[in-house]
Each structure stands twice: as C-alpha cells, then as structure tokens.
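Take a look at the structure set out below.
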Amino acid sequence: MTIKVKTEKDLPIAGATVRLNQQLLGSTDTAGVLITTNEKIANQKISVSAIGFKEKILSLSNKPNNNLISITLLASTNVLDEIVVTAGRKPESISTIPSSITILNQQDIQAQTNITNNLATVLGNAIPGLGTSTNKATNSGQTLRGRAVLVLIDGIPQSTPLMNGARDLRTIDPNVIERIEVIKGATSIYGNGSGGGIINYITKKNKDGKKISGQTILGTSINPFDPKETLGYKLSQQLSGQVNKWSYTVSGSADYTGLQRDSDGLPLGQTDGLSNSYQYNGFMKIGYQIDSSSTLTGFYNYYGSTQRAKYISKNGIYGQSPTIGVRGEEPGKPAGTPYNHNAMLTYSKSNLFHSTQLDVTAYLNSFSSMNRYVASGTAWYGPGQTMINSNKKGLRLNLNTPFQLFSIPTEITYGLDLLKDVTYQDLTDGRVYIPKMNMVNFAPYAQVKADLIENLIFKAGLRYENATVKVNDYNTIATGPNGEGSILVSGGNIPYKATMFNAGLRYTKYDYFNPFVSFSQAFAINELGRILRRAKENTIGNLETDPIITNNYEAGFSSRFSIFNISASYYISTSDLGVNLVDVGGFLMPQREPEEVKGYEVTLDAQLSQKLSVGGSYAYVEGKAKMDDGSKIYLNGSRIAPPKATGFLSYKPNQQLNLQLFWIHTGARDRFALNDKGKYNNSEGPISNVDLFNLSGNYNLNKNWKIGFGIENIFNTSYYPTVSQYRALDAEYVKGSGTVTSLNLHYQF
C-alpha cells in the first residue's frame, strides 16, 4: 500500500506522520511517499500530520484502487496538533510525547517581534517556566525550571556550559526562525548542559515551490515620551526559491537599538545594556534533492551584536536610587557578541533499510562573548576586559527504524554524537583568566517508542556520556602586583562517564484528557571554568569537578474540549551535586551541595469566537540545597525565578486587522536575610511584583504589503527587572525601559 502526501500545489510533503487508528505507520520520504505492508487499511481511520499543515483524518470504507492513497494537506500557521522534532530527533506529534513542550510558531514569533526584536525578552514573556528577560545583552538568571537551559540552532549547541557566558539566547535574528521548540525538564538527547531543558531555534526553509520569493522588512522604534536619541531601526531582506532539484533561503539583516530610557526619561545604566547596540545577521540554507529518498542540506548563520555605548554608568544605591547612564565613553572594546558562526551539512535518506530514516550531520560553531571593561577588577589586579571563546565541532549520526514487536507497532531511534568543545576566557591584554578546556565527548544513544496497547504510548531510552576534558598546566590570575596571589596548577585529563536513562508513558485516547508521566536524566559539566579560575589546589585532580546528574520526575496532562485548551504539569528535579552560585569572599562560586527543585505550570486558552480568543499561564518554581549538617537553604535568584503569570487577549475583527494585548506578571520572592554587614549577599536580594502590558498588531494592506506595530510597556510603568532586584549590587540596580513603540513595514512577493 502506497500513501502519498502533498500540498494544495501538488508538491510532496516530506516527514509527514501517518497513523492508522492512532498507531504509527511511519513518516513520508522526500517524495512525500510512505509504503506500508499493513493490509488492514479498509474500514479504518488514517490521520496525517506535518509541520505547518492542518492534520487530516480520513475514514476509508473500502480498500483503494491501485493500492494508492493520495492525501492533500492544507497549510496552517496555527496548528493545534503541532509537530515537534527536538524531543526525539524526528517529527512527532506533541500529543504523543511524554514531556512538557511549548512551541512558538511563526505567528507567535511575529506577534512578539512586533514589540521587541530581543529574543531573550520574547522567550521570557512567552515561555512558562523560563525567567523573564534581564533587559540586557546577557540572559544571566534566565533559567528554565530553576536549572540551566541548552540553546540550539537547528540542533547546533549555542550554550557554553563549560563557562556560561549567558549570551546564548540572543544568537540569531528572529526573522529567519520558522518556529521555536522548548522541551522542558532534564534531557540528555543533545548532551551537556540541558538540566532545565532545551530551546531549539528551527530556521526557515523554502516550501512554496516558486523559483523566487522574498520578504523585505523596514522597521523603526522610539520612546514616544522622551524620544531624544531613542530612535532605532531594522532592515531585513530575505529571498527563497526552488530551481529543479535545488532549493535555497538567504537572508541578511541589520538592527540598531537606540538609547534606552526609563519611565522618567533617564538613560538606563550601561552594565551589559542594549542602548546604542548593533545587531547583524547573515543566513543561508541550501538544499539539494539527490533522488526521491535522499537530500543534502547546507546551512550557515552569522550573528553579531555589540554595543557602541555613548553613555557610562553612574552608580546608584541598591534599594534607594537607580544606576543611570551619563554621557561618556568607556575604554576597551565594544561589549556583546562580536561573532557567532554556525555551519552545518546534513545528509538524509528515508529508505536506508526496512524503512529506516538516516540523518548524518556535521557542524561547526565558533562563538565569542566580550564582557565589559572594568577599571578595577575584583578577580584580577588592575583594569581589564575578558572575552569567552568557544569553538565546537560535532558529528551526529541518527537513525530511526520502525518495526513490529510481536503485534506492537514499535520504532527505535539510535545513533552517536561526537563533540569537540574548546572553551576558554582571556583578558584582552593577554592574561589568561580561564585556561583552555578541551572537551571531547563520545555519546551513543538509543530511544524506543512503542504503542503498548491502543492509545498507550511508551518511550524509554539510554545515552552513554563518555567525555574527557583536557587542561594544560596553568597559572591562576594574579590578584596583586608582580604575580601576587597566582598559583601554578598542574593540568591533566578530567574523565566523565555516565549513563543517562529516561522513560515515559502517554495515554492519547481522549482529547479532553491526555495524561503523561515521565522520568528523565541530564548530564552537565557546568561552570567548570569558575572552578578552575579560583583553584586553591596545585593539581587538577584535587579540585571538585564532578558532573551534575539531574533527575527529573514529572506528571501532567493536556486537554481539549469545546472552546478550551488546557495543560498542566508538576515536576521534581533533583541532583546529588549542585551548581548554585553563592557569594564567597566577593566572588560567585559554585556550591556543590545536593539540590531539589519543585514546581508546576498551568496554561489555558479559549476561542470565545472566530474574532476573539483569550488565554494565560502560571508558573511556580522553588529550590533548596541540602547542607552537610542536614539543614536546607534556598537557592538564590540566579537560579530560581519568582512566580510568573501571563495573559493575552487576541482580537481579529476582519481579515485585515489583528490585535493582541499581552500581560506579564512577575511575583514577589523574599527568601534571604541581611548579612552581618547589613546588606544582602550577591543574588539574594528580595524581589517585588512587576506588571507589564504590551500590544502587538498587524494590518494587511493587500496581499503583498503589511504593517506591523507594537507598544512595549504600554503604561510607561516604572520598575526594576528581577535581575536588578535579586543581584543586590549598586552597579546593577538598573530600571527597566519605559514605553517603546515600534512600526514595521513588510513587503512579500
């Protein structure tokens, strides 16, 4: 039996998932074809789903003629039954995965980027369980469910877990992102650094079959109440097309953020700020269809974001007056992300053997993060400016084979990850702050998915981490003149070996109650750089460098009935070793104590009419570390975000106009007492409630022209972002931005 899936324009749809009475038959190849030996097609229901298309369900009364079933899917930008690829490295319906997942589709991304082009803000406002934006160039403290998150672009790791530079959320232009997949909770499917989950930016590819099509975006932003120097702009040009067996998508963009002012019109303090910053992005994706079952895809993306500050910080007093910007120039190089290069080549074949899908990917990532110049360092002698560099090379071999285990439809996903990651941190004057950490990781894995009984889906898997970090002999950085305070540390190899396990069940029979339970583990060599740079021992082997093994227990459900969509989950995340950064003598150092993090998330939306929909979410997380004496202490603000609630109201009175009002609430958190000096320790400050409202809108002038507009902080609310509050430092006590309006003109052809 042959099943062919195509678009309205008679183009094949690759990777479409085909099910017979909810049991998986397989996925279509690059020609949009699935060949099955199942003879029980007659008088059954077939469901077909694919990314970007509405699910189609067919009831077949008779066996089709010529053993061919042709199915046409209609395109959709807002599919309820979304398909996700990140969770299992292959297309899967969310409703069959025993995990908490959030997807931002093209429509969601555009609504948020009408308001701001800052991806850290977009995600913080839209993803339950993720901390809100810092309003800075860094995303320090934006943990997911109280733990580190691994950021990917098409599966290429952007995070630097060996030494977290906290610049991984802003690594690509939102205009080249097709959708964003967020997998919550511990997962080792992509390796080091995913204790809290994964955020994967899936980039655009050509779909429409035209020889050439494109999109031009011209945008501007300004503070309407105090406009002086606040004018910003963005320009983006994208082209895509298909010629014979070739397809392409290319894009270039430039984005400038003007001076940021608070609700009183004062320039914001410049500690890792975004004022007067430039963002550039170049993107290219080329595909070649070798034959009906084989494709080759090449991808490259460059991103750079640096600040040419015209203001410097004038420190305020924590809890009393804000740090503001005053006219001046800082010495040193522009802070930010000077460059982030990603390149990837993927070969895919859909019928290697027994309907096995093969994907082989080689990738490169070269990433640089420049910190601000400081006139007097606390960790080194004299002035200085540090830069984190990370260079990754990787190879991923992934296979998926469907088969029948007795009478049970089953599939196994298996493969191998190879990764070489060299990360280090130097001062721009040549002094070594963190020596080169040369990690080589060899990680085989296997994941089984089986329909145990009708509508009960079981998933389980193993991943073996076999990593070695090599560090040469080095000297810790001097804290005084003539090398004072520096010690020689003998280097060597640090071995890491661990087997990660996951298992889960999901029951899919009823739309109104689709429950799941799961257990999953994650592996992380996290913040090793901090341990090395503050070494007090003369030998690597004497340092506390053990990895973090995170255990995530979760139960939840999704529900659809009438006009409502509801989802909820409760989770417990534990680890025998932690990485809570605590204030030790003025320095943030990892605390290697056992940890437990607990929390829950609830989302609800309702389609009140064809024109009006509403919805919202609530997320709560809390965490503690267990000390040697048995006592428990709260994890600080760098790990645990305060409760967060969101809401939206969407109104579409006609085909031309669409308006969306967003509410973001961050609650209070006050867990720590003053120290013996009458101050709060670093990252232990109390957090107060913040309520912000944003507006996004689109107006279609005709089929080619569209206007997008947005207002950030509609009511010009005076507030301090959570990071400004919990850090408890004068220099970082910076207010959030006042009202900013944006206007974007889109032209499509």
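Going by the structure tokens order, chains are called A, B, ..., each with residues numbered from 1, while ligands are numbered from 1 in the order shown.
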Write out as a PDB file with N, CA and C atoms, in the first residue's frame the residues lying within 9 Å of Gly26 of chain A, counting only C-alpha atoms and excluding same-chain residues fewer than 3 positions away.
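Output below, filename selection_5.pdb:
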ATOM      1  N   GLY A  15       8.380  13.997   5.631  1.00  0.00           N
ATOM      2  CA  GLY A  15       8.329  13.943   7.088  1.00  0.00           C
ATOM      3  C   GLY A  15       6.938  13.985   7.679  1.00  0.00           C
ATOM      4  N   ALA A  16       5.898  13.814   6.850  1.00  0.00           N
ATOM      5  CA  ALA A  16       4.534  13.763   7.374  1.00  0.00           C
ATOM      6  C   ALA A  16       4.337  12.470   8.166  1.00  0.00           C
ATOM      7  N   THR A  17       3.711  12.583   9.328  1.00  0.00           N
ATOM      8  CA  THR A  17       3.473  11.426  10.190  1.00  0.00           C
ATOM      9  C   THR A  17       2.120  10.804   9.862  1.00  0.00           C
ATOM     10  N   VAL A  18       2.115   9.500   9.595  1.00  0.00           N
ATOM     11  CA  VAL A  18       0.897   8.784   9.204  1.00  0.00           C
ATOM     12  C   VAL A  18       0.551   7.772  10.289  1.00  0.00           C
ATOM     13  N   ARG A  19      -0.698   7.807  10.747  1.00  0.00           N
ATOM     14  CA  ARG A  19      -1.155   6.890  11.778  1.00  0.00           C
ATOM     15  C   ARG A  19      -2.409   6.161  11.322  1.00  0.00           C
ATOM     16  N   LEU A  34       4.902   7.159   1.613  1.00  0.00           N
ATOM     17  CA  LEU A  34       5.098   6.125   2.632  1.00  0.00           C
ATOM     18  C   LEU A  34       4.541   4.821   2.085  1.00  0.00           C
ATOM     19  N   ILE A  35       5.377   3.794   2.064  1.00  0.00           N
ATOM     20  CA  ILE A  35       4.936   2.467   1.616  1.00  0.00           C
ATOM     21  C   ILE A  35       4.769   1.599   2.846  1.00  0.00           C
ATOM     22  N   THR A  36       3.580   1.017   3.003  1.00  0.00           N
ATOM     23  CA  THR A  36       3.296   0.196   4.168  1.00  0.00           C
ATOM     24  C   THR A  36       2.769  -1.164   3.736  1.00  0.00           C
ATOM     25  N   SER A 355      12.648   0.670   5.840  1.00  0.00           N
ATOM     26  CA  SER A 355      12.034   1.992   6.066  1.00  0.00           C
ATOM     27  C   SER A 355      12.799   2.836   7.080  1.00  0.00           C
ATOM     28  N   PRO A 402      11.316   1.755  12.106  1.00  0.00           N
ATOM     29  CA  PRO A 402      10.047   1.218  12.605  1.00  0.00           C
ATOM     30  C   PRO A 402      10.003  -0.305  12.417  1.00  0.00           C
ATOM     31  N   GLU A 411       9.135   1.623  17.202  1.00  0.00           N
ATOM     32  CA  GLU A 411      10.222   2.245  16.448  1.00  0.00           C
ATOM     33  C   GLU A 411      11.384   2.508  17.390  1.00  0.00           C
TER      34      GLU A 411
END
task = Mind checking which residues fall within 8 Å of Leu635 of chain A, counting only C-alpha atoms, ignoring those fewer than 4 positions away in the same chain, and posting them as a PyMOL selection string?
result = chain A and resi 580+622-625+639-640
Once you have the residues from the selection above, write them out as a short mmCIF file (atom, residue, chain, number, x, y, z; two decimals), in the first residue's frame, restricted to N, CA and C atoms.
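Dumped everything to out-v9.cif:
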data_model
loop_
_atom_site.label_atom_id
_atom_site.label_comp_id
_atom_site.auth_asym_id
_atom_site.auth_seq_id
_atom_site.Cartn_x
_atom_site.Cartn_y
_atom_site.Cartn_z
N ASN A 580 24.76 25.92 42.40
CA ASN A 580 24.25 27.21 42.83
C ASN A 580 25.42 28.16 43.05
N GLU A 622 10.45 26.54 43.02
CA GLU A 622 11.22 26.80 44.24
C GLU A 622 12.29 25.74 44.37
N GLY A 623 13.42 26.10 44.96
CA GLY A 623 14.51 25.15 45.08
C GLY A 623 15.33 25.36 46.33
N LYS A 624 15.89 24.24 46.83
CA LYS A 624 16.73 24.29 48.03
C LYS A 624 17.95 23.40 47.85
N ALA A 625 19.01 23.76 48.55
CA ALA A 625 20.22 22.93 48.63
C ALA A 625 20.32 22.36 50.04
N ARG A 639 19.27 31.35 40.18
CA ARG A 639 18.74 30.04 39.80
C ARG A 639 17.21 30.01 39.79
N ILE A 640 16.60 30.60 40.79
CA ILE A 640 15.15 30.46 40.97
C ILE A 640 14.46 31.77 40.65
#
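The spacing separating atom CA of Ser47 of chain A from atom CA of Ser70 of chain A amounts to 12.5 Å.
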Nearby residues (only C-alpha atoms) at most 7 Å from Leu73 of chain A, same-chain spacing under 6 positions excluded, as a list in words = Lys6, Thr7, Glu8, Phe53, Lys54 and Lys56 of chain A
I want to know what sits within 8 Å of segment 227-241 of chain A, based on only C-alpha atoms, with residues of the same chain fewer than 6 positions away left out; could you give that as a PDB file with N, CA and C atoms, in the first residue's frame?
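New file selection_16.pdb:
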ATOM      1  N   ASN A 175      13.878  36.909  12.478  1.00  0.00           N
ATOM      2  CA  ASN A 175      13.220  36.854  11.172  1.00  0.00           C
ATOM      3  C   ASN A 175      13.574  35.611  10.373  1.00  0.00           C
ATOM      4  N   LYS A 205      13.056  27.342   5.823  1.00  0.00           N
ATOM      5  CA  LYS A 205      13.479  26.718   4.577  1.00  0.00           C
ATOM      6  C   LYS A 205      12.390  26.958   3.536  1.00  0.00           C
ATOM      7  N   ASN A 206      12.780  26.863   2.270  1.00  0.00           N
ATOM      8  CA  ASN A 206      11.830  27.110   1.198  1.00  0.00           C
ATOM      9  C   ASN A 206      10.785  26.009   1.128  1.00  0.00           C
ATOM     10  N   ASP A 208       7.418  26.892  -0.784  1.00  0.00           N
ATOM     11  CA  ASP A 208       6.311  27.205  -1.693  1.00  0.00           C
ATOM     12  C   ASP A 208       6.513  26.742  -3.128  1.00  0.00           C
ATOM     13  N   GLY A 209       7.718  26.281  -3.511  1.00  0.00           N
ATOM     14  CA  GLY A 209       7.940  25.765  -4.852  1.00  0.00           C
ATOM     15  C   GLY A 209       8.202  26.825  -5.897  1.00  0.00           C
ATOM     16  N   LYS A 210       8.110  28.124  -5.573  1.00  0.00           N
ATOM     17  CA  LYS A 210       8.395  29.185  -6.524  1.00  0.00           C
ATOM     18  C   LYS A 210       9.898  29.253  -6.817  1.00  0.00           C
ATOM     19  N   LYS A 211      10.230  29.782  -7.996  1.00  0.00           N
ATOM     20  CA  LYS A 211      11.644  29.966  -8.319  1.00  0.00           C
ATOM     21  C   LYS A 211      12.262  31.052  -7.466  1.00  0.00           C
ATOM     22  N   ILE A 212      11.475  32.064  -7.169  1.00  0.00           N
ATOM     23  CA  ILE A 212      11.969  33.115  -6.280  1.00  0.00           C
ATOM     24  C   ILE A 212      10.798  33.771  -5.569  1.00  0.00           C
ATOM     25  N   SER A 213      10.958  33.974  -4.293  1.00  0.00           N
ATOM     26  CA  SER A 213      10.006  34.740  -3.489  1.00  0.00           C
ATOM     27  C   SER A 213      10.817  35.457  -2.423  1.00  0.00           C
ATOM     28  N   GLY A 214      10.226  36.415  -1.773  1.00  0.00           N
ATOM     29  CA  GLY A 214      11.015  37.160  -0.810  1.00  0.00           C
ATOM     30  C   GLY A 214      10.178  37.979   0.146  1.00  0.00           C
ATOM     31  N   GLN A 215      10.864  38.531   1.123  1.00  0.00           N
ATOM     32  CA  GLN A 215      10.235  39.390   2.119  1.00  0.00           C
ATOM     33  C   GLN A 215      11.211  40.490   2.516  1.00  0.00           C
ATOM     34  N   THR A 216      10.730  41.715   2.490  1.00  0.00           N
ATOM     35  CA  THR A 216      11.514  42.865   2.931  1.00  0.00           C
ATOM     36  C   THR A 216      10.832  43.478   4.149  1.00  0.00           C
ATOM     37  N   ILE A 217      11.617  43.765   5.177  1.00  0.00           N
ATOM     38  CA  ILE A 217      11.083  44.378   6.394  1.00  0.00           C
ATOM     39  C   ILE A 217      11.871  45.639   6.690  1.00  0.00           C
ATOM     40  N   LEU A 218      11.147  46.751   6.855  1.00  0.00           N
ATOM     41  CA  LEU A 218      11.734  48.009   7.310  1.00  0.00           C
ATOM     42  C   LEU A 218      11.043  48.383   8.605  1.00  0.00           C
ATOM     43  N   GLY A 219      11.822  48.643   9.649  1.00  0.00           N
ATOM     44  CA  GLY A 219      11.217  48.920  10.933  1.00  0.00           C
ATOM     45  C   GLY A 219      11.900  50.043  11.671  1.00  0.00           C
ATOM     46  N   THR A 220      11.170  50.629  12.613  1.00  0.00           N
ATOM     47  CA  THR A 220      11.729  51.682  13.453  1.00  0.00           C
ATOM     48  C   THR A 220      11.096  51.588  14.834  1.00  0.00           C
ATOM     49  N   SER A 221      11.817  52.099  15.834  1.00  0.00           N
ATOM     50  CA  SER A 221      11.321  52.100  17.213  1.00  0.00           C
ATOM     51  C   SER A 221      11.752  53.386  17.898  1.00  0.00           C
ATOM     52  N   SER A 247      16.951  24.008  -3.720  1.00  0.00           N
ATOM     53  CA  SER A 247      16.127  24.979  -3.002  1.00  0.00           C
ATOM     54  C   SER A 247      17.052  25.866  -2.176  1.00  0.00           C
ATOM     55  N   TYR A 248      16.626  27.088  -1.927  1.00  0.00           N
ATOM     56  CA  TYR A 248      17.500  27.999  -1.192  1.00  0.00           C
ATOM     57  C   TYR A 248      16.672  28.985  -0.377  1.00  0.00           C
ATOM     58  N   THR A 249      17.271  29.444   0.710  1.00  0.00           N
ATOM     59  CA  THR A 249      16.748  30.561   1.501  1.00  0.00           C
ATOM     60  C   THR A 249      17.953  31.362   1.976  1.00  0.00           C
ATOM     61  N   VAL A 250      17.978  32.645   1.673  1.00  0.00           N
ATOM     62  CA  VAL A 250      19.072  33.510   2.114  1.00  0.00           C
ATOM     63  C   VAL A 250      18.467  34.755   2.745  1.00  0.00           C
ATOM     64  N   SER A 251      19.193  35.316   3.710  1.00  0.00           N
ATOM     65  CA  SER A 251      18.664  36.479   4.419  1.00  0.00           C
ATOM     66  C   SER A 251      19.806  37.297   4.993  1.00  0.00           C
ATOM     67  N   GLY A 252      19.603  38.595   5.053  1.00  0.00           N
ATOM     68  CA  GLY A 252      20.538  39.494   5.716  1.00  0.00           C
ATOM     69  C   GLY A 252      19.757  40.544   6.486  1.00  0.00           C
ATOM     70  N   SER A 253      20.259  40.951   7.650  1.00  0.00           N
ATOM     71  CA  SER A 253      19.538  41.934   8.447  1.00  0.00           C
ATOM     72  C   SER A 253      20.506  42.801   9.239  1.00  0.00           C
ATOM     73  N   ALA A 254      20.062  44.013   9.516  1.00  0.00           N
ATOM     74  CA  ALA A 254      20.786  44.944  10.382  1.00  0.00           C
ATOM     75  C   ALA A 254      19.776  45.575  11.327  1.00  0.00           C
ATOM     76  N   ASP A 255      20.153  45.706  12.584  1.00  0.00           N
ATOM     77  CA  ASP A 255      19.223  46.176  13.611  1.00  0.00           C
ATOM     78  C   ASP A 255      19.992  47.085  14.574  1.00  0.00           C
ATOM     79  N   TYR A 256      19.470  48.267  14.819  1.00  0.00           N
ATOM     80  CA  TYR A 256      20.101  49.207  15.752  1.00  0.00           C
ATOM     81  C   TYR A 256      19.114  49.556  16.853  1.00  0.00           C
ATOM     82  N   THR A 257      19.552  49.445  18.103  1.00  0.00           N
ATOM     83  CA  THR A 257      18.742  49.827  19.265  1.00  0.00           C
ATOM     84  C   THR A 257      19.218  51.173  19.775  1.00  0.00           C
ATOM     85  N   GLY A 258      18.335  52.141  19.813  1.00  0.00           N
ATOM     86  CA  GLY A 258      18.694  53.464  20.295  1.00  0.00           C
ATOM     87  C   GLY A 258      18.863  53.506  21.801  1.00  0.00           C
ATOM     88  N   LEU A 259      19.059  54.682  22.315  1.00  0.00           N
ATOM     89  CA  LEU A 259      19.234  54.858  23.758  1.00  0.00           C
ATOM     90  C   LEU A 259      17.989  54.391  24.506  1.00  0.00           C
ATOM     91  N   GLN A 260      18.172  53.589  25.519  1.00  0.00           N
ATOM     92  CA  GLN A 260      17.051  53.143  26.348  1.00  0.00           C
ATOM     93  C   GLN A 260      16.870  54.098  27.521  1.00  0.00           C
ATOM     94  N   ARG A 261      15.643  54.501  27.737  1.00  0.00           N
ATOM     95  CA  ARG A 261      15.319  55.393  28.852  1.00  0.00           C
ATOM     96  C   ARG A 261      14.272  54.735  29.751  1.00  0.00           C
TER      97      ARG A 261
END
key: All residues 6 Å or closer to segment 437-440 of chain A, only C-alpha atoms, same chain fewer than 3 positions away omitted, as a list of chain:residue names   = A:Leu419, A:Lys420, A:Asp421, A:Val422, A:Thr423, A:Ala467, A:Thr468, A:Val469, A:Lys470, A:Val471
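Residue neighbourhood of Ile711 of chain A, excluding near-sequence residues (fewer than 4 positions): Asn114, Ile115, Thr116, Phe693, Asn694, Leu695, Ser696, Thr739, Val740, Thr741 and Ser742 of chain A, at 9 Å, using only C-alpha atoms.
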key: Distance query Leu364 of chain A at most 9 Å, only C-alpha atoms, self and fewer than 5 positions along chain excluded, as a list in words   = Ile156, His341, Asn342, Ala343, Met344, Asn391, Lys392, Lys393 and Gly394 of chain A
inquiry  = Can you pull out every residue from segment 574-661 of chain A that DSSP, working from the backbone, puts in strand (DSSP E or B), and format the result as number ranges by chain?
reply    = A: 574-575, 580-584, 587-591, 595-607, 612-626, 632-634, 644-651, 657-661
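Nearest to Leu505 of chain A of all the residues A:Glu554, A:Glu527, A:Glu330, A:Glu593 is A:Glu554, based on only C-alpha atoms.
Going from atom CA of Asp628 of chain A over to atom CA of Gln521 of chain A, you cover 24.2 Å.
With distances restricted to only C-alpha atoms, A:Gln279 is the closest residue to Asn117 of chain A from A:Thr386, A:Thr134, A:Gln279, A:Ser99.
Using only C-alpha atoms, the shortest contact distance between Gln289 of chain A and any of A:Ile434, A:Leu661, A:Val243, A:Leu729 is found at A:Val243.
Shortest separation to Gly685 of chain A among A:Ser724, A:Ser718, A:Thr356, A:Gln404 occurs at residue A:Ser724, atoms counted being only C-alpha atoms.
Straight-line separation from atom CA of Gln591 of chain A to atom CA of Ala379 of chain A: 18.2 Å.
Nearest residue to Tyr600 of chain A, choosing from A:Arg308, A:Arg530, A:Lys677, A:Arg145 and counting only C-alpha atoms: A:Arg145.
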ask   = Can you list every residue in segment 482-652 of chain A that DSSP puts in alpha helix (DSSP H), as an MDAnalysis selection string?
value = chainID A and resid 528:533
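Distances to Asn636 of chain A were evaluated for A:Tyr347, A:Tyr618, A:Tyr719, A:Phe672 using only C-alpha atoms, and the minimum falls at A:Phe672.
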